[in-house]
Number of protein chains: 2
Amino acid sequence: MRQRKVTLADIAAKTGYGTNTVSLALRGSTRISQAARDLIRGVADEMDYVPNKIAASLVLNRSNTIGLILHEITNPVLTSVAHMVQKTLGKHGYSVLFASSNGDPEEELKAIAAFRARMVDGLLIYPIAHSKLDHLKALRRNNFPTVLLIHTDATGIDAVGIDERKGAFDATNHLIERGHRRIGTLGPSFTSTVGNVGKLQGYRDALEAAGIAYDPTIVSIPIDHSIEASVHAMDELMAQDDAPSAIFATSDLTALAALRWAAKSNVKVPEELAIVGFDDTDYVAQATTPISSIHNDVEQLATEAVERLLFLIANKELLPPAETRTTPGRLIIRESS
Amino acid sequence: MRQRKVTLADIAAKTGYGTNTVSLALRGSTRISQAARDLIRGVADEMDYVPNKIAASLVLNRSNTIGLILHEITNPVLTSVAHMVQKTLGKHGYSVLFASSNGDPEEELKAIAAFRARMVDGLLIYPIAHSKLDHLKALRRNNFPTVLLIHTDATGIDAVGIDERKGAFDATNHLIERGHRRIGTLGPSFTSTVGNVGKLQGYRDALEAAGIAYDPTIVSIPIDHSIEASVHAMDELMAQDDAPSAIFATSDLTALAALRWAAKSNVKVPEELAIVGFDDTDYVAQATTPISSIHNDVEQLATEAVERLLFLIANKELLPPAETRTTPGRLIIRESS
DNA sequence: TTGTAGGCGTTATCAT
DNA sequence: ATGATAACGCCTACAA
């Protein structure tokens, strides 16, 4: 005995108006008399009318929904991005379909397909790998508004992201200025993980500028994204003969791991080991030894990405040339360095 | 010069079949000859056909989309829930609309309205307050499948959540067994925040069982969700004459704050101050001093919630009586206690 | 095995 | 100021 959903027709029947009048009235059209509008509005509320946007989407050819795909939702930075994106889009009347690709290209493709089938008006995506952008460029070629949430030098696709290269440069350079010559780095797979390509570059840039030779034996890559794996990686890194005196951690998570390693190894931070992280989350700012980190303005990033996406959506008939925007980070110096 | 979207009719025209045959063929109906199916499938792929699920939703009266509303996405536990929920639902062919209410009841209502208008088949929600469940119960009364992601004793609404009361009891009791009699607690607003109502109860249960008087002066409530605010709260809490020798932190975030406070105050953990957290995230497990915490099986929670929701959706014509499920946590003892 | 007709709830166009 | 009609793209009858 399930009550059918209330439709425009039901309200029309009850008020004596046509469905079309009801539709206009509920959307506040001045073409309808004030009296009629009030009456209709009242009856609609009374009947607990919920407009069916899906039906509207069909005729308007616009769903007022966008898709957000992140490659890893556990990451606190991406989490903030998700939050800001949803908040900003909500203000513009958009809802957001969310999916986490979890590092699996297959999942990413599935999510894209699912979202497209649901007629999302556009896509914000933090892709899995820098090198695998072709399918996303293809979307754009099909006039499908898409914005990457990363910084990339790739062309033919819009992107707004953090300037990892510069951030990494600043972090490394700061350690050099503190007198360190042997600077290790700790972070997930530099080649495959988006973002870290740039970070490795920035790290090398800084070394080169200071005339320090790049040494791959102190570039450490944890086996997975857990802190534990990074602590492990530290174990091996620091067991070397010529162990680093400073660590540039490419994420706050690995920075915390470095700190943890120091604690359990009775190594003093920053006296015996300096640490700089990346992203400046609460966790490093308020770690037992507050850790220096590169602060990135997630709010600005999210806002700009949303703006760009909405712009693309508004111009989807003839997409403007792809653009890349970058938001710089800034180094926050704390006790760890 | 925008190419229209490919529809069933387009494929029909190109293959010479009717739209209906094409529809059946693409869905793999055996009513269509194998040859026709292959042909149609091929042409569809060639034309890059993307089925319009929105149109299908309209006729099927089912969107294969559910809404997920969290009251705070920054929280690592809720983040994991979001991830698991999306992953599990994805396997069942559902997409998830996401919104963060950010602790604002107004936002929560807006999100619910937006999702209903988009015809979600059901709702998973981590509500803002225990006390404000009436609007959610109303949804259920209107045969709208809804599952709360919290543990609650409220009736008339489905819920699956962590047993906060028991977890808090175990945490507090553990500290008592370690010989502590003066146990403070640190966590966001016990009365308004969902979950913490139960935690305060469990804390008091344990005290009572041990014959320790409950003392509200050592129940500390940080001003917001930042670690910094909790460190501040610790400052005040520990400045008291009869300061606690142990802290039950109602979240891992506050546990980390307690640890941070100890570090900057040169207080030894666990010798001078014992700490137990709640949720057992990586951050406490791998803190400089690994912190004891209540581990909760987020994966199981998410799976059960999704299962229940799908069950409700399948029976939405006549919803079964509301049920509450609870998943117990377990204490993980580490160096902090 | 395939085609035809009708309708899902909304909006836009064109009348009145 | 309001109403009738035709879409939007798909699916489920029912027919052939």
# chains A, B, ... in the order shown; residues from 1 in each chain; ligands from 1
>>> interface_residues(of="chain B", to="chain D", cutoff="9 Å", atoms="only C-alpha atoms (C1' of nucleotides)", output="PDB file with N, CA and C atoms, in the first residue's frame")
ATOM      1  N   THR B   7      21.715   7.927 -29.077  1.00  0.00           N
ATOM      2  CA  THR B   7      20.602   7.280 -28.374  1.00  0.00           C
ATOM      3  C   THR B   7      20.293   5.921 -29.003  1.00  0.00           C
ATOM      4  N   LEU B   8      19.397   5.227 -28.354  1.00  0.00           N
ATOM      5  CA  LEU B   8      18.970   3.937 -28.881  1.00  0.00           C
ATOM      6  C   LEU B   8      18.450   4.108 -30.308  1.00  0.00           C
ATOM      7  N   ALA B   9      17.713   5.173 -30.499  1.00  0.00           N
ATOM      8  CA  ALA B   9      17.121   5.410 -31.820  1.00  0.00           C
ATOM      9  C   ALA B   9      18.203   5.527 -32.893  1.00  0.00           C
ATOM     10  N   ASN B  20      13.499  -0.743 -29.639  1.00  0.00           N
ATOM     11  CA  ASN B  20      13.181  -1.698 -28.614  1.00  0.00           C
ATOM     12  C   ASN B  20      14.059  -2.946 -28.731  1.00  0.00           C
ATOM     13  N   SER B  23      17.392  -1.920 -27.502  1.00  0.00           N
ATOM     14  CA  SER B  23      17.405  -1.861 -26.050  1.00  0.00           C
ATOM     15  C   SER B  23      17.582  -3.248 -25.457  1.00  0.00           C
ATOM     16  N   PRO B  51      24.487   4.638 -22.366  1.00  0.00           N
ATOM     17  CA  PRO B  51      23.059   4.568 -22.044  1.00  0.00           C
ATOM     18  C   PRO B  51      22.677   5.699 -21.111  1.00  0.00           C
ATOM     19  N   ASN B  52      21.512   6.239 -21.283  1.00  0.00           N
ATOM     20  CA  ASN B  52      21.043   7.327 -20.437  1.00  0.00           C
ATOM     21  C   ASN B  52      20.222   6.759 -19.283  1.00  0.00           C
ATOM     22  N   LYS B  53      20.913   6.547 -18.169  1.00  0.00           N
ATOM     23  CA  LYS B  53      20.248   5.930 -17.019  1.00  0.00           C
ATOM     24  C   LYS B  53      19.189   6.841 -16.425  1.00  0.00           C
ATOM     25  N   ILE B  54      19.320   8.103 -16.721  1.00  0.00           N
ATOM     26  CA  ILE B  54      18.336   9.034 -16.195  1.00  0.00           C
ATOM     27  C   ILE B  54      16.982   8.775 -16.842  1.00  0.00           C
ATOM     28  N   ALA B  55      17.014   8.508 -18.122  1.00  0.00           N
ATOM     29  CA  ALA B  55      15.769   8.181 -18.809  1.00  0.00           C
ATOM     30  C   ALA B  55      15.225   6.862 -18.271  1.00  0.00           C
ATOM     31  N   ALA B  56      16.132   5.917 -18.066  1.00  0.00           N
ATOM     32  CA  ALA B  56      15.703   4.621 -17.536  1.00  0.00           C
ATOM     33  C   ALA B  56      15.106   4.793 -16.145  1.00  0.00           C
ATOM     34  N   SER B  57      15.745   5.629 -15.337  1.00  0.00           N
ATOM     35  CA  SER B  57      15.251   5.860 -13.976  1.00  0.00           C
ATOM     36  C   SER B  57      13.800   6.314 -14.012  1.00  0.00           C
ATOM     37  N   LEU B  58      13.533   7.169 -14.951  1.00  0.00           N
ATOM     38  CA  LEU B  58      12.209   7.767 -15.009  1.00  0.00           C
ATOM     39  C   LEU B  58      11.135   6.693 -15.197  1.00  0.00           C
ATOM     40  N   VAL B  59      11.411   5.782 -16.085  1.00  0.00           N
ATOM     41  CA  VAL B  59      10.399   4.757 -16.310  1.00  0.00           C
ATOM     42  C   VAL B  59      10.465   3.651 -15.264  1.00  0.00           C
ATOM     43  N   LEU B  60      11.661   3.328 -14.805  1.00  0.00           N
ATOM     44  CA  LEU B  60      11.777   2.232 -13.836  1.00  0.00           C
ATOM     45  C   LEU B  60      11.436   2.685 -12.422  1.00  0.00           C
TER      46      LEU B  60
END
>>> select_by_dssp(residues="range 234-308 of chain B", states="strand (DSSP E)", output="PyMOL selection string")
chain B and resi 246-249+274-279+292-295
>>> write_last_selection(atoms="C-alpha atoms", output="mmCIF file, in the first residue's frame")
data_model
loop_
_atom_site.group_PDB
_atom_site.id
_atom_site.type_symbol
_atom_site.label_atom_id
_atom_site.label_comp_id
_atom_site.auth_asym_id
_atom_site.auth_seq_id
_atom_site.Cartn_x
_atom_site.Cartn_y
_atom_site.Cartn_z
ATOM 1 C CA ALA B 246 45.011 9.345 32.795
ATOM 2 C CA ILE B 247 42.960 10.548 29.842
ATOM 3 C CA PHE B 248 40.259 8.786 27.959
ATOM 4 C CA ALA B 249 40.221 10.647 24.657
ATOM 5 C CA ALA B 274 48.266 7.482 30.455
ATOM 6 C CA ILE B 275 46.219 7.970 27.287
ATOM 7 C CA VAL B 276 43.630 5.861 25.522
ATOM 8 C CA GLY B 277 42.012 6.948 22.272
ATOM 9 C CA PHE B 278 39.077 5.862 20.199
ATOM 10 C CA ASP B 279 38.920 4.568 16.596
ATOM 11 C CA SER B 292 46.177 2.576 22.958
ATOM 12 C CA SER B 293 42.833 2.862 21.261
ATOM 13 C CA ILE B 294 39.508 1.205 20.627
ATOM 14 C CA HIS B 295 39.601 -0.447 17.247
#
>>> atom_distance(atom1="CA of Asp48 in chain A", atom2="CA of Val6 in chain A")
7.4 Å
>>> interface_residues(of="chain A", to="chain B", cutoff="8 Å", atoms="only C-alpha atoms", output="VMD selection string")
chain A and resid 1 to 2 50 to 55 57 to 58 73 to 74 76 79 to 80 83 86 to 87 95 to 100 113 to 119 143 226 to 228 256 to 257 259 to 261 263 to 264 282 to 283 286 to 289 317 to 318
>>> closest_atom_pairs(of="chain C", to="chain B", cutoff="12 Å", atoms="only C-alpha atoms (C1' of nucleotides)", output="Markdown table")
| residue | atom | partner | partner_atom | distance |
| --- | --- | --- | --- | --- |
| C:DT1 | C1' | B:Ile32 | CA | 6.1 |
| C:DT2 | C1' | B:Thr21 | CA | 6.6 |
| C:DG3 | C1' | B:Gly18 | CA | 6.3 |
| C:DT4 | C1' | B:Gly18 | CA | 9.5 |
| C:DA5 | C1' | B:Asn20 | CA | 11.5 |
| C:DG6 | C1' | B:Val59 | CA | 11.6 |
| C:DG7 | C1' | B:Val59 | CA | 7.9 |
| C:DC8 | C1' | B:Val59 | CA | 4.3 |
| C:DG9 | C1' | B:Leu58 | CA | 7.6 |
| C:DT10 | C1' | B:Leu58 | CA | 10.4 |
>>> write_last_selection(atoms="C-alpha atoms (C1' of nucleotides)", output="PDB file, in the first residue's frame")
ATOM      1  C1'  DT C   1      12.540 -12.931 -33.213  1.00  0.00           C
ATOM      2  C1'  DT C   2      11.187  -8.302 -33.831  1.00  0.00           C
ATOM      3  C1'  DG C   3       8.092  -4.010 -34.040  1.00  0.00           C
ATOM      4  C1'  DT C   4       4.385  -0.648 -32.191  1.00  0.00           C
ATOM      5  C1'  DA C   5       2.304   2.135 -28.737  1.00  0.00           C
ATOM      6  C1'  DG C   6       2.141   4.276 -24.470  1.00  0.00           C
ATOM      7  C1'  DG C   7       3.911   6.409 -20.587  1.00  0.00           C
ATOM      8  C1'  DC C   8       7.484   7.888 -16.737  1.00  0.00           C
ATOM      9  C1'  DG C   9       7.425  13.681 -14.803  1.00  0.00           C
ATOM     10  C1'  DT C  10       9.049  17.563 -16.352  1.00  0.00           C
TER      11       DT C  10
END
>>> atom_distance(atom1="CA of Arg181 in chain A", atom2="CA of Pro244 in chain A")
8.2 Å
>>> atom_distance(atom1="CA of Gln34 in chain B", atom2="CA of Val22 in chain B")
12.3 Å
